[in-house]
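As structure tokens, the structure follows; a few thoughts come after it.
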Amino acid sequence: MIYLTDGTKECFLTAFLYAYSDEHALLSSSQTQLALGQQTVFIAADAKKAARAEKRLLSFDKDCMHDLFLLLRSGMNNREQIAFRYFKLLAAQKRPVRNMLAEDAVLAASECMRKVTLEIHHMHGFVRFLECESGALYAPLSPDNDIVDLLIPHFRARLPAFPFVLHDIKRKKAAVYDGENVFCAPLERAEIALSANEQDWQALWRRYYRSVNIPQRERLKQMKGYMPVRYWKFMPEFGSRGPFLT
Amino acid sequence: MIDERRLKILTEGAKYDVSCSSSGSKRKNEGGMGNGYVAGCCHSFTPDGRCVSLLKILLSNDCVYNCRYCPNRLDADVPRVSATPEEIAELTVDFYKRNYIEGLFLSSAVEKSPDYTMERLVRTVKLLRTQYRFHGYIHLKGIPRADEALVREAAQYADRMSYNIELPSEQSLKLLAPQKSKESLLLPMKQLAGEALVFRREKRKGLFLPAGQTTQMIVGASPEKDGQIVRLTQSLYRNMGLKRVYYSSYVPVVRDSLLPDLPAGQLREHRLYQADWLLRFYGFTAEEIAPENENLPLDLDPKCAWALRNLQLFPVEVNRAPLETLLRVPGIGGRSAQKILEARKYTTLTFEHLKKMRVVLKRARHFITANGKFYGAKSETAVRGLLAAGENSENAMQMSLFAERETALSALTGEL
């Protein structure tokens, strides 16, 4: 049986209760890849059931909801299934399974969580802000995982005087810090009026970037390993044909 | 706003400094802009595979010193430019705000005199910290022979300071950098190490070089052997409490009768970094890594080479070996060792398990048993052959002098 969730934590926990004793259960929040001949049920989030499941799981591992939080942020299509197998093992073992690294379910889950936290770390570095006329900062990005709001605390701590917007182009949503409050909102397109100096600072940055490179030591493969090409799109030091070097 | 021409010249003068790491500082944002990022953060990568973490720049390239290997030495016919402390501070803050950089790495040629230069460096960081209220990462290069009081003042504003010892022996330093001396480099290092100790012991308020000190030396411009370099490195870690020692393989930027015409291999530099990691994270001593008057082998990494010299200690059983022993197995690093320690609490590990856990077994299989089973080659010669062959097939492209091995410098991101 395929259990379709709406992607939320509550719905996942509800589905978890239904699917727990089903040996062929498949949990998913995407309707795109449904196997033929499989029965599908749409699960509606049920606050009571979810709370029951959460309480039980927490009694086995008090940190496990943080794992679920990260797993459901993943951009992988099978994230619900990965989480399901992980929590099923937790329920069977009745103790934290995080370090049972010889178990497939744990390996898959920890790999999936690592991708999310790694991307958060990457984005702390690779986000590029544009300065708007108003002095606010705007950064477009399209991360693999649903993490824009998780980037806010980092930037807020270092730039408390600057309101900023982190715009997830792919998911059409924005995480906003208005100088005081933090919130998330759907955002399709943004019209930005850049500050008078923005282009000059970008030009200086490009000049810096190509001056600090040592051409005799070219190692493109290593560069791309550290900074995957899909992240280049919003960085001023890269054009459509790669890094600006001339 | 600084102009592009000077930015280019001042950056190109600074780029051969290897250090770019921004780790180790917990500096808080106390009203203003910026904070430390303990793990360090890379903001971009250049096509040479190096990370861009800090704005690495000279305050001036107008030098009164005449170090033979340096493109900015007194005799060199290059355009001379300087930036003002205000220009550097503005550049840092505007780059930082846009999240281009994690902070500033400020260095300078010795302009007019050491004190004059050091005073300007200190003025720049002080301006950033007090007027711009910038709390991001600042790495400041120390100028040899500058006044003690200036050095002390600098350390109150910077997160990290470094004096480059430049060459691995006193003779080479005398020959190639006649205006610098061993004392002029080691004394301020000692001064800072001592003052940091007092600062921490007395639990004074504020910060004093939270990310410590580092240094750098050029490899391949002078005749010292790797064994000597590794010993020097070890003593710097032990006696000076340095956080990092960087190596830069010599690239001939200037021609000089006292310098080699050819660049030193990138692979040699890579092997030195591997040895450096063994010293810092794997519990090895310099004496175990290489004899004093020998170089590290190029065909094998230093841990493999050590293991082959000490085959009587192997194989070790992964289900029982303590952490220190696991860390000495070729191919097993800190992360793999930790994973093994955790996983074996729950089950007896087999080779299949290790493979699934992504423990790299290419080298390790010759040195471990898993649940009593051994999958390595039988004789030392066979192991040596396989290990060296593995290295070569990975790097089969390497023929020309300038082509680089993919593996070289792979550990050199600012995150470490």
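Following the order of the structure tokens, chains are lettered A, B, ..., residues in each are numbered from 1, and ligands are numbered from 1.
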Margin query: List as a PyMOL selection string the protein and nucleic acid residues near Cys132 of chain A, meaning an atom at most 12 Å away when only C-alpha atoms are counted, but skip any in the same chain fewer than 4 places from it.
Written below: (chain A and resi 136-139+162-165+190-199) or (chain B and resi 98)
Could you write out the selected residues, including N, CA and C atoms, as an mmCIF file, in the first residue's frame?
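Result file is again15.cif:
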data_model
loop_
_atom_site.group_PDB
_atom_site.id
_atom_site.type_symbol
_atom_site.label_atom_id
_atom_site.label_comp_id
_atom_site.auth_asym_id
_atom_site.auth_seq_id
_atom_site.Cartn_x
_atom_site.Cartn_y
_atom_site.Cartn_z
ATOM 1 N N ALA A 136 18.259 47.374 1.863
ATOM 2 C CA ALA A 136 17.980 45.978 2.199
ATOM 3 C C ALA A 136 18.780 45.063 1.278
ATOM 4 N N LEU A 137 18.952 43.819 1.721
ATOM 5 C CA LEU A 137 19.723 42.860 0.936
ATOM 6 C C LEU A 137 18.792 41.782 0.388
ATOM 7 N N TYR A 138 19.064 41.366 -0.850
ATOM 8 C CA TYR A 138 18.221 40.362 -1.492
ATOM 9 C C TYR A 138 19.113 39.277 -2.088
ATOM 10 N N ALA A 139 18.816 38.013 -1.787
ATOM 11 C CA ALA A 139 19.605 36.916 -2.351
ATOM 12 C C ALA A 139 18.685 35.875 -2.979
ATOM 13 N N PHE A 162 20.677 44.943 8.844
ATOM 14 C CA PHE A 162 20.224 44.928 7.456
ATOM 15 C C PHE A 162 19.011 44.009 7.282
ATOM 16 N N PRO A 163 17.876 44.564 6.866
ATOM 17 C CA PRO A 163 16.767 43.681 6.509
ATOM 18 C C PRO A 163 17.195 42.864 5.286
ATOM 19 N N PHE A 164 16.819 41.593 5.234
ATOM 20 C CA PHE A 164 17.203 40.823 4.045
ATOM 21 C C PHE A 164 16.149 39.792 3.666
ATOM 22 N N VAL A 165 16.200 39.394 2.404
ATOM 23 C CA VAL A 165 15.282 38.396 1.866
ATOM 24 C C VAL A 165 16.089 37.279 1.229
ATOM 25 N N ALA A 190 10.451 38.630 -7.741
ATOM 26 C CA ALA A 190 10.749 39.830 -6.974
ATOM 27 C C ALA A 190 11.267 40.895 -7.923
ATOM 28 N N GLU A 191 10.744 42.098 -7.802
ATOM 29 C CA GLU A 191 11.254 43.226 -8.583
ATOM 30 C C GLU A 191 12.240 43.980 -7.701
ATOM 31 N N ILE A 192 13.484 44.036 -8.140
ATOM 32 C CA ILE A 192 14.511 44.618 -7.288
ATOM 33 C C ILE A 192 15.093 45.863 -7.945
ATOM 34 N N ALA A 193 15.128 46.968 -7.203
ATOM 35 C CA ALA A 193 15.854 48.153 -7.671
ATOM 36 C C ALA A 193 17.198 48.158 -6.945
ATOM 37 N N LEU A 194 18.276 47.994 -7.731
ATOM 38 C CA LEU A 194 19.597 47.881 -7.098
ATOM 39 C C LEU A 194 20.122 49.234 -6.662
ATOM 40 N N SER A 195 20.971 49.228 -5.660
ATOM 41 C CA SER A 195 21.576 50.476 -5.202
ATOM 42 C C SER A 195 22.550 50.990 -6.263
ATOM 43 N N ALA A 196 22.875 52.268 -6.171
ATOM 44 C CA ALA A 196 23.689 52.909 -7.206
ATOM 45 C C ALA A 196 25.054 52.243 -7.378
ATOM 46 N N ASN A 197 25.625 51.734 -6.267
ATOM 47 C CA ASN A 197 26.987 51.190 -6.328
ATOM 48 C C ASN A 197 27.049 49.686 -6.553
ATOM 49 N N GLU A 198 25.900 49.030 -6.565
ATOM 50 C CA GLU A 198 25.915 47.569 -6.574
ATOM 51 C C GLU A 198 26.757 46.992 -7.727
ATOM 52 N N GLN A 199 26.568 47.535 -8.930
ATOM 53 C CA GLN A 199 27.319 46.993 -10.083
ATOM 54 C C GLN A 199 28.824 47.189 -9.905
ATOM 55 N N ARG B 98 27.795 41.622 1.442
ATOM 56 C CA ARG B 98 27.215 40.865 0.326
ATOM 57 C C ARG B 98 27.510 39.372 0.434
#
Next item on the list: Give me the residues within 8 Å of segment 231-246 of chain A as a list in words, counting only C-alpha atoms and dropping any in the same chain fewer than 4 places off.
Entry: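 Final neighbour list, sorted by chain and number: Phe126, Val127, Arg128, Pro140, Leu141, Ser142, Pro143, Gln202, Trp205, Arg206, Tyr209, Arg210 and Met227 of chain A; Pro47 of chain B.
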Could you work out which residues of chain A fall inside 7 Å of chain B? Count only C-alpha atoms, and format the result as an mmCIF file with N, CA and C atoms, in the first residue's frame.
data_model
loop_
_atom_site.group_PDB
_atom_site.id
_atom_site.type_symbol
_atom_site.label_atom_id
_atom_site.label_comp_id
_atom_site.auth_asym_id
_atom_site.auth_seq_id
_atom_site.Cartn_x
_atom_site.Cartn_y
_atom_site.Cartn_z
ATOM 1 N N ASN A 99 23.368 5.600 15.769
ATOM 2 C CA ASN A 99 24.731 5.137 15.520
ATOM 3 C C ASN A 99 24.832 3.685 15.064
ATOM 4 N N MET A 100 23.702 3.064 14.780
ATOM 5 C CA MET A 100 23.757 1.700 14.243
ATOM 6 C C MET A 100 24.085 1.781 12.761
ATOM 7 N N LEU A 101 25.343 2.132 12.478
ATOM 8 C CA LEU A 101 25.671 2.480 11.108
ATOM 9 C C LEU A 101 25.760 1.287 10.171
ATOM 10 N N ALA A 102 25.652 0.086 10.721
ATOM 11 C CA ALA A 102 25.656 -1.070 9.843
ATOM 12 C C ALA A 102 24.252 -1.358 9.305
ATOM 13 N N GLY A 125 28.061 30.039 2.918
ATOM 14 C CA GLY A 125 29.145 30.638 2.145
ATOM 15 C C GLY A 125 28.728 31.122 0.769
ATOM 16 N N PHE A 126 27.866 30.356 0.080
ATOM 17 C CA PHE A 126 27.624 30.621 -1.345
ATOM 18 C C PHE A 126 26.486 31.599 -1.621
ATOM 19 N N VAL A 127 25.698 31.937 -0.636
ATOM 20 C CA VAL A 127 24.645 32.939 -0.847
ATOM 21 C C VAL A 127 25.306 34.263 -1.246
ATOM 22 N N ARG A 128 24.716 34.952 -2.218
ATOM 23 C CA ARG A 128 25.235 36.276 -2.596
ATOM 24 C C ARG A 128 24.117 37.299 -2.473
ATOM 25 N N PHE A 129 24.368 38.302 -1.644
ATOM 26 C CA PHE A 129 23.360 39.342 -1.486
ATOM 27 C C PHE A 129 23.552 40.449 -2.513
ATOM 28 N N LEU A 130 22.422 40.961 -3.003
ATOM 29 C CA LEU A 130 22.430 42.167 -3.827
ATOM 30 C C LEU A 130 21.927 43.290 -2.940
ATOM 31 N N ALA A 157 22.408 36.949 12.730
ATOM 32 C CA ALA A 157 23.402 37.173 13.776
ATOM 33 C C ALA A 157 24.526 38.072 13.273
ATOM 34 N N ARG A 158 24.882 37.946 11.993
ATOM 35 C CA ARG A 158 26.008 38.759 11.547
ATOM 36 C C ARG A 158 25.599 40.078 10.905
ATOM 37 N N LEU A 159 24.368 40.173 10.423
ATOM 38 C CA LEU A 159 23.935 41.418 9.788
ATOM 39 C C LEU A 159 22.643 41.944 10.414
ATOM 40 N N LEU A 204 34.233 44.917 -8.774
ATOM 41 C CA LEU A 204 35.432 44.802 -7.927
ATOM 42 C C LEU A 204 35.614 43.376 -7.444
ATOM 43 N N ARG A 207 36.966 41.329 -10.166
ATOM 44 C CA ARG A 207 38.390 41.640 -10.331
ATOM 45 C C ARG A 207 39.209 40.914 -9.253
ATOM 46 N N TYR A 208 38.698 40.941 -8.046
ATOM 47 C CA TYR A 208 39.398 40.255 -6.960
ATOM 48 C C TYR A 208 39.490 38.771 -7.254
ATOM 49 N N SER A 211 42.007 37.861 -9.806
ATOM 50 C CA SER A 211 43.381 38.181 -9.431
ATOM 51 C C SER A 211 43.934 37.204 -8.402
ATOM 52 N N VAL A 212 43.074 36.610 -7.627
ATOM 53 C CA VAL A 212 43.559 35.756 -6.544
ATOM 54 C C VAL A 212 43.783 34.325 -7.037
ATOM 55 N N ASN A 213 43.309 34.039 -8.242
ATOM 56 C CA ASN A 213 43.515 32.720 -8.830
ATOM 57 C C ASN A 213 44.968 32.560 -9.293
ATOM 58 N N ILE A 214 45.520 31.359 -9.172
ATOM 59 C CA ILE A 214 46.860 31.096 -9.700
ATOM 60 C C ILE A 214 46.707 30.214 -10.945
ATOM 61 N N PRO A 215 46.791 30.822 -12.143
ATOM 62 C CA PRO A 215 46.457 30.074 -13.364
ATOM 63 C C PRO A 215 47.371 28.871 -13.596
ATOM 64 N N GLN A 216 48.639 28.952 -13.124
ATOM 65 C CA GLN A 216 49.554 27.818 -13.357
ATOM 66 C C GLN A 216 49.119 26.567 -12.599
ATOM 67 N N ARG A 217 48.201 26.721 -11.665
ATOM 68 C CA ARG A 217 47.822 25.572 -10.846
ATOM 69 C C ARG A 217 46.386 25.130 -11.122
ATOM 70 N N GLU A 218 45.938 25.205 -12.358
ATOM 71 C CA GLU A 218 44.526 24.924 -12.616
ATOM 72 C C GLU A 218 44.103 23.537 -12.128
ATOM 73 N N ARG A 219 43.006 23.514 -11.405
ATOM 74 C CA ARG A 219 42.468 22.248 -10.885
ATOM 75 C C ARG A 219 40.939 22.346 -10.849
ATOM 76 N N LEU A 220 40.378 22.343 -12.058
ATOM 77 C CA LEU A 220 38.934 22.589 -12.169
ATOM 78 C C LEU A 220 38.088 21.525 -11.503
ATOM 79 N N GLN A 222 38.699 19.745 -8.929
ATOM 80 C CA GLN A 222 38.655 19.947 -7.488
ATOM 81 C C GLN A 222 37.735 21.114 -7.133
ATOM 82 N N MET A 223 37.839 22.179 -7.931
ATOM 83 C CA MET A 223 36.986 23.343 -7.702
ATOM 84 C C MET A 223 35.511 22.958 -7.754
ATOM 85 N N MET A 227 32.565 23.118 -4.977
ATOM 86 C CA MET A 227 31.478 24.071 -5.217
ATOM 87 C C MET A 227 30.738 23.654 -6.485
#
Notebook entry, point to check: If you run DSSP on this backbone, which residues of segment 294-396 of chain B come out as strand (DSSP E or B), and could you give them as a PyMOL selection string?
Noted result: chain B and resi 316-317+368-370+373
Check: So which residues of segment 122-200 of chain A fall under alpha helix (DSSP H) by DSSP, listed as a ChimeraX atom specification?
Finding: /A:122-126,148-158,198-200
Save the residues we just selected, N, CA and C atoms, as a compact mmCIF listing (two decimals), in the first residue's frame?
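What landed in again-v5.txt:
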# COMPACT_ATOMS: atom_id res chain seq x y z
N HIS A 122 27.01 24.93 3.15
CA HIS A 122 27.42 25.49 1.86
C HIS A 122 26.78 26.85 1.62
N MET A 123 25.49 26.93 1.90
CA MET A 123 24.77 28.17 1.60
C MET A 123 25.21 29.33 2.48
N HIS A 124 25.69 29.03 3.68
CA HIS A 124 26.25 30.11 4.50
C HIS A 124 27.36 30.81 3.74
N GLY A 125 28.06 30.04 2.92
CA GLY A 125 29.14 30.64 2.14
C GLY A 125 28.73 31.12 0.77
N PHE A 126 27.87 30.36 0.08
CA PHE A 126 27.62 30.62 -1.34
C PHE A 126 26.49 31.60 -1.62
N VAL A 148 15.65 27.53 3.06
CA VAL A 148 15.88 28.99 3.15
C VAL A 148 15.65 29.55 4.54
N ASP A 149 14.57 29.12 5.20
CA ASP A 149 14.30 29.71 6.53
C ASP A 149 15.35 29.27 7.56
N LEU A 150 16.01 28.14 7.29
CA LEU A 150 17.03 27.67 8.24
C LEU A 150 18.33 28.47 8.12
N LEU A 151 18.40 29.30 7.07
CA LEU A 151 19.61 30.11 6.90
C LEU A 151 19.51 31.43 7.66
N ILE A 152 18.30 31.78 8.03
CA ILE A 152 18.07 33.10 8.64
C ILE A 152 18.91 33.36 9.90
N PRO A 153 18.92 32.44 10.87
CA PRO A 153 19.64 32.76 12.12
C PRO A 153 21.10 33.14 11.89
N HIS A 154 21.74 32.44 10.94
CA HIS A 154 23.14 32.72 10.65
C HIS A 154 23.33 34.16 10.16
N PHE A 155 22.52 34.56 9.17
CA PHE A 155 22.71 35.89 8.59
C PHE A 155 22.19 36.99 9.52
N ARG A 156 21.18 36.66 10.26
CA ARG A 156 20.65 37.64 11.20
C ARG A 156 21.68 37.97 12.28
N ALA A 157 22.41 36.95 12.73
CA ALA A 157 23.40 37.17 13.78
C ALA A 157 24.53 38.07 13.27
N ARG A 158 24.88 37.95 11.99
CA ARG A 158 26.01 38.76 11.55
C ARG A 158 25.60 40.08 10.90
N GLU A 198 25.90 49.03 -6.56
CA GLU A 198 25.91 47.57 -6.57
C GLU A 198 26.76 46.99 -7.73
N GLN A 199 26.57 47.54 -8.93
CA GLN A 199 27.32 46.99 -10.08
C GLN A 199 28.82 47.19 -9.90
N ASP A 200 29.22 48.32 -9.32
CA ASP A 200 30.65 48.59 -9.12
C ASP A 200 31.26 47.60 -8.13
Next item on the list: Please provide as number ranges by chain all residues within 10 Å of Gly376 of chain B, with the sequence filter that same-chain residues fewer than 3 positions apart are discarded (counting only C-alpha atoms).
Entry: B: 315, 361-369, 373, 379, 382-383, 386
Quick one: write out the picked residues with N, CA and C atoms as a PDB file, in the first residue's frame?
ATOM      1  N   PRO B 315      47.812  -7.467  10.574  1.00  0.00           N
ATOM      2  CA  PRO B 315      46.572  -6.707  10.507  1.00  0.00           C
ATOM      3  C   PRO B 315      45.929  -6.521  11.888  1.00  0.00           C
ATOM      4  N   LEU B 361      38.268   1.006   1.492  1.00  0.00           N
ATOM      5  CA  LEU B 361      38.999  -0.224   1.791  1.00  0.00           C
ATOM      6  C   LEU B 361      40.163  -0.472   0.847  1.00  0.00           C
ATOM      7  N   LYS B 362      40.317   0.392  -0.138  1.00  0.00           N
ATOM      8  CA  LYS B 362      41.346   0.143  -1.146  1.00  0.00           C
ATOM      9  C   LYS B 362      42.712  -0.084  -0.494  1.00  0.00           C
ATOM     10  N   ARG B 363      43.066   0.786   0.425  1.00  0.00           N
ATOM     11  CA  ARG B 363      44.326   0.591   1.146  1.00  0.00           C
ATOM     12  C   ARG B 363      44.109  -0.203   2.429  1.00  0.00           C
ATOM     13  N   ALA B 364      43.004   0.078   3.115  1.00  0.00           N
ATOM     14  CA  ALA B 364      42.817  -0.492   4.451  1.00  0.00           C
ATOM     15  C   ALA B 364      42.754  -2.020   4.443  1.00  0.00           C
ATOM     16  N   ARG B 365      42.228  -2.615   3.363  1.00  0.00           N
ATOM     17  CA  ARG B 365      42.017  -4.070   3.401  1.00  0.00           C
ATOM     18  C   ARG B 365      43.306  -4.865   3.631  1.00  0.00           C
ATOM     19  N   HIS B 366      44.453  -4.278   3.281  1.00  0.00           N
ATOM     20  CA  HIS B 366      45.716  -4.992   3.502  1.00  0.00           C
ATOM     21  C   HIS B 366      46.152  -4.959   4.966  1.00  0.00           C
ATOM     22  N   PHE B 367      45.475  -4.154   5.766  1.00  0.00           N
ATOM     23  CA  PHE B 367      45.966  -3.937   7.126  1.00  0.00           C
ATOM     24  C   PHE B 367      44.953  -4.269   8.216  1.00  0.00           C
ATOM     25  N   ILE B 368      43.772  -4.770   7.813  1.00  0.00           N
ATOM     26  CA  ILE B 368      42.767  -5.074   8.826  1.00  0.00           C
ATOM     27  C   ILE B 368      42.186  -6.482   8.623  1.00  0.00           C
ATOM     28  N   THR B 369      41.597  -6.985   9.692  1.00  0.00           N
ATOM     29  CA  THR B 369      40.689  -8.118   9.553  1.00  0.00           C
ATOM     30  C   THR B 369      39.342  -7.623  10.065  1.00  0.00           C
ATOM     31  N   LYS B 373      38.302 -12.142   9.273  1.00  0.00           N
ATOM     32  CA  LYS B 373      38.600 -12.375   7.851  1.00  0.00           C
ATOM     33  C   LYS B 373      39.560 -11.323   7.311  1.00  0.00           C
ATOM     34  N   SER B 379      51.776 -10.840   0.554  1.00  0.00           N
ATOM     35  CA  SER B 379      53.147 -10.482   0.924  1.00  0.00           C
ATOM     36  C   SER B 379      53.336  -8.971   0.904  1.00  0.00           C
ATOM     37  N   ALA B 382      53.670  -7.587  -2.567  1.00  0.00           N
ATOM     38  CA  ALA B 382      52.384  -7.488  -3.268  1.00  0.00           C
ATOM     39  C   ALA B 382      51.622  -6.253  -2.799  1.00  0.00           C
ATOM     40  N   VAL B 383      51.603  -6.041  -1.477  1.00  0.00           N
ATOM     41  CA  VAL B 383      50.893  -4.885  -0.929  1.00  0.00           C
ATOM     42  C   VAL B 383      51.500  -3.599  -1.480  1.00  0.00           C
ATOM     43  N   LEU B 386      50.541  -3.065  -5.061  1.00  0.00           N
ATOM     44  CA  LEU B 386      49.142  -2.675  -5.230  1.00  0.00           C
ATOM     45  C   LEU B 386      48.906  -1.232  -4.806  1.00  0.00           C
TER      46      LEU B 386
END
Note to self: Would you pick out the contacts of segment 199-216 of chain B at 10 Å or less, using only C-alpha atoms, so that residues sharing its chain but fewer than 4 positions from it are not included, and give the list as a PyMOL selection string?
What the structure shows: chain B and resi 17-19+21-27+36+38+137-141+152-168+185+189+192-195+233+236-237+240-248
Notebook entry, point to check: Skipping near chain neighbours, those fewer than 2 positions away, what residues fall within 9 Å of Tyr86 of chain A using only C-alpha atoms, listed as a list in words?
Noted result: Gln81, Ile82, Ala83, Phe84, Lys88, Leu89, Leu90, Ala91, Val97, Arg98, Asp104, Ala105, Val106, Ala108 and Ala109 of chain A
What would the file look like if the residues just selected were written as a JSON list (two decimals), in the first residue's frame with N, CA and C atoms?
[["chain", "number", "residue", "atom", "x", "y", "z"],
["A", 81, "GLN", "N", 9.93, 7.86, 2.74],
["A", 81, "GLN", "CA", 10.21, 6.43, 2.87],
["A", 81, "GLN", "C", 11.48, 6.22, 3.71],
["A", 82, "ILE", "N", 12.48, 7.05, 3.47],
["A", 82, "ILE", "CA", 13.72, 6.95, 4.25],
["A", 82, "ILE", "C", 13.41, 7.18, 5.74],
["A", 83, "ALA", "N", 12.62, 8.21, 6.01],
["A", 83, "ALA", "CA", 12.26, 8.52, 7.39],
["A", 83, "ALA", "C", 11.43, 7.38, 7.99],
["A", 84, "PHE", "N", 10.52, 6.83, 7.18],
["A", 84, "PHE", "CA", 9.67, 5.74, 7.67],
["A", 84, "PHE", "C", 10.51, 4.54, 8.12],
["A", 88, "LYS", "N", 10.78, 3.23, 11.86],
["A", 88, "LYS", "CA", 10.29, 1.87, 12.10],
["A", 88, "LYS", "C", 11.35, 1.09, 12.89],
["A", 89, "LEU", "N", 12.60, 1.28, 12.49],
["A", 89, "LEU", "CA", 13.68, 0.62, 13.22],
["A", 89, "LEU", "C", 13.77, 1.14, 14.66],
["A", 90, "LEU", "N", 13.60, 2.43, 14.81],
["A", 90, "LEU", "CA", 13.62, 3.02, 16.15],
["A", 90, "LEU", "C", 12.53, 2.41, 17.03],
["A", 91, "ALA", "N", 11.33, 2.27, 16.45],
["A", 91, "ALA", "CA", 10.22, 1.71, 17.21],
["A", 91, "ALA", "C", 10.46, 0.24, 17.56],
["A", 97, "VAL", "N", 18.78, 4.70, 17.53],
["A", 97, "VAL", "CA", 19.43, 3.86, 16.53],
["A", 97, "VAL", "C", 20.44, 4.65, 15.70],
["A", 98, "ARG", "N", 20.57, 5.92, 16.02],
["A", 98, "ARG", "CA", 21.38, 6.86, 15.23],
["A", 98, "ARG", "C", 22.76, 6.29, 14.86],
["A", 104, "ASP", "N", 21.00, -0.56, 7.08],
["A", 104, "ASP", "CA", 20.71, 0.20, 5.86],
["A", 104, "ASP", "C", 19.82, 1.41, 6.14],
["A", 105, "ALA", "N", 18.79, 1.18, 6.99],
["A", 105, "ALA", "CA", 17.84, 2.26, 7.25],
["A", 105, "ALA", "C", 18.55, 3.46, 7.90],
["A", 106, "VAL", "N", 19.48, 3.18, 8.79],
["A", 106, "VAL", "CA", 20.19, 4.25, 9.47],
["A", 106, "VAL", "C", 21.16, 4.95, 8.52],
["A", 108, "ALA", "N", 20.89, 5.21, 5.27],
["A", 108, "ALA", "CA", 20.14, 6.04, 4.33],
["A", 108, "ALA", "C", 19.69, 7.33, 5.01],
["A", 109, "ALA", "N", 19.20, 7.20, 6.23],
["A", 109, "ALA", "CA", 18.71, 8.40, 6.92],
["A", 109, "ALA", "C", 19.86, 9.35, 7.24]]
Margin query: So, with only C-alpha atoms as the atoms that count, which of A:Arg95, A:Lys173, A:Arg73, A:His24 lies closest to Ser59 of chain A?
Written below: A:Arg95
Notebook entry, point to check: Contacts of segment 5-18 of chain A at 8 Å or less, counting only C-alpha atoms, minus same-chain residues fewer than 3 places along, as a PyMOL selection string?
Noted result: chain A and resi 21-22+27-29+42-47+49-51+53-54+68-69+72+80+84
Note to self: Please list as a PyMOL selection string every residue within 8 Å of segment 280-286 of chain B, counting only C-alpha atoms and excluding residues in the same chain fewer than 2 positions away.
What the structure shows: chain B and resi 227+230-231+234+276-278+288-290+324+327-328+334
Check: Between atom CA of Lys180 of chain B and atom CA of Gln228 of chain B, what is the spacing in Å?
Finding: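 Spanning atom CA of Gln228 of chain B to atom CA of Lys180 of chain B is a straight-line distance of 20.6 Å.
Atom CA of Asp67 of chain A is positioned 24.0 Å from atom CA of Leu166 of chain A.
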Check: Can you tell me how far atom CA of Thr92 of chain B sits from atom CA of Glu133 of chain A, in Å to one decimal?
Finding: 20.2 Å
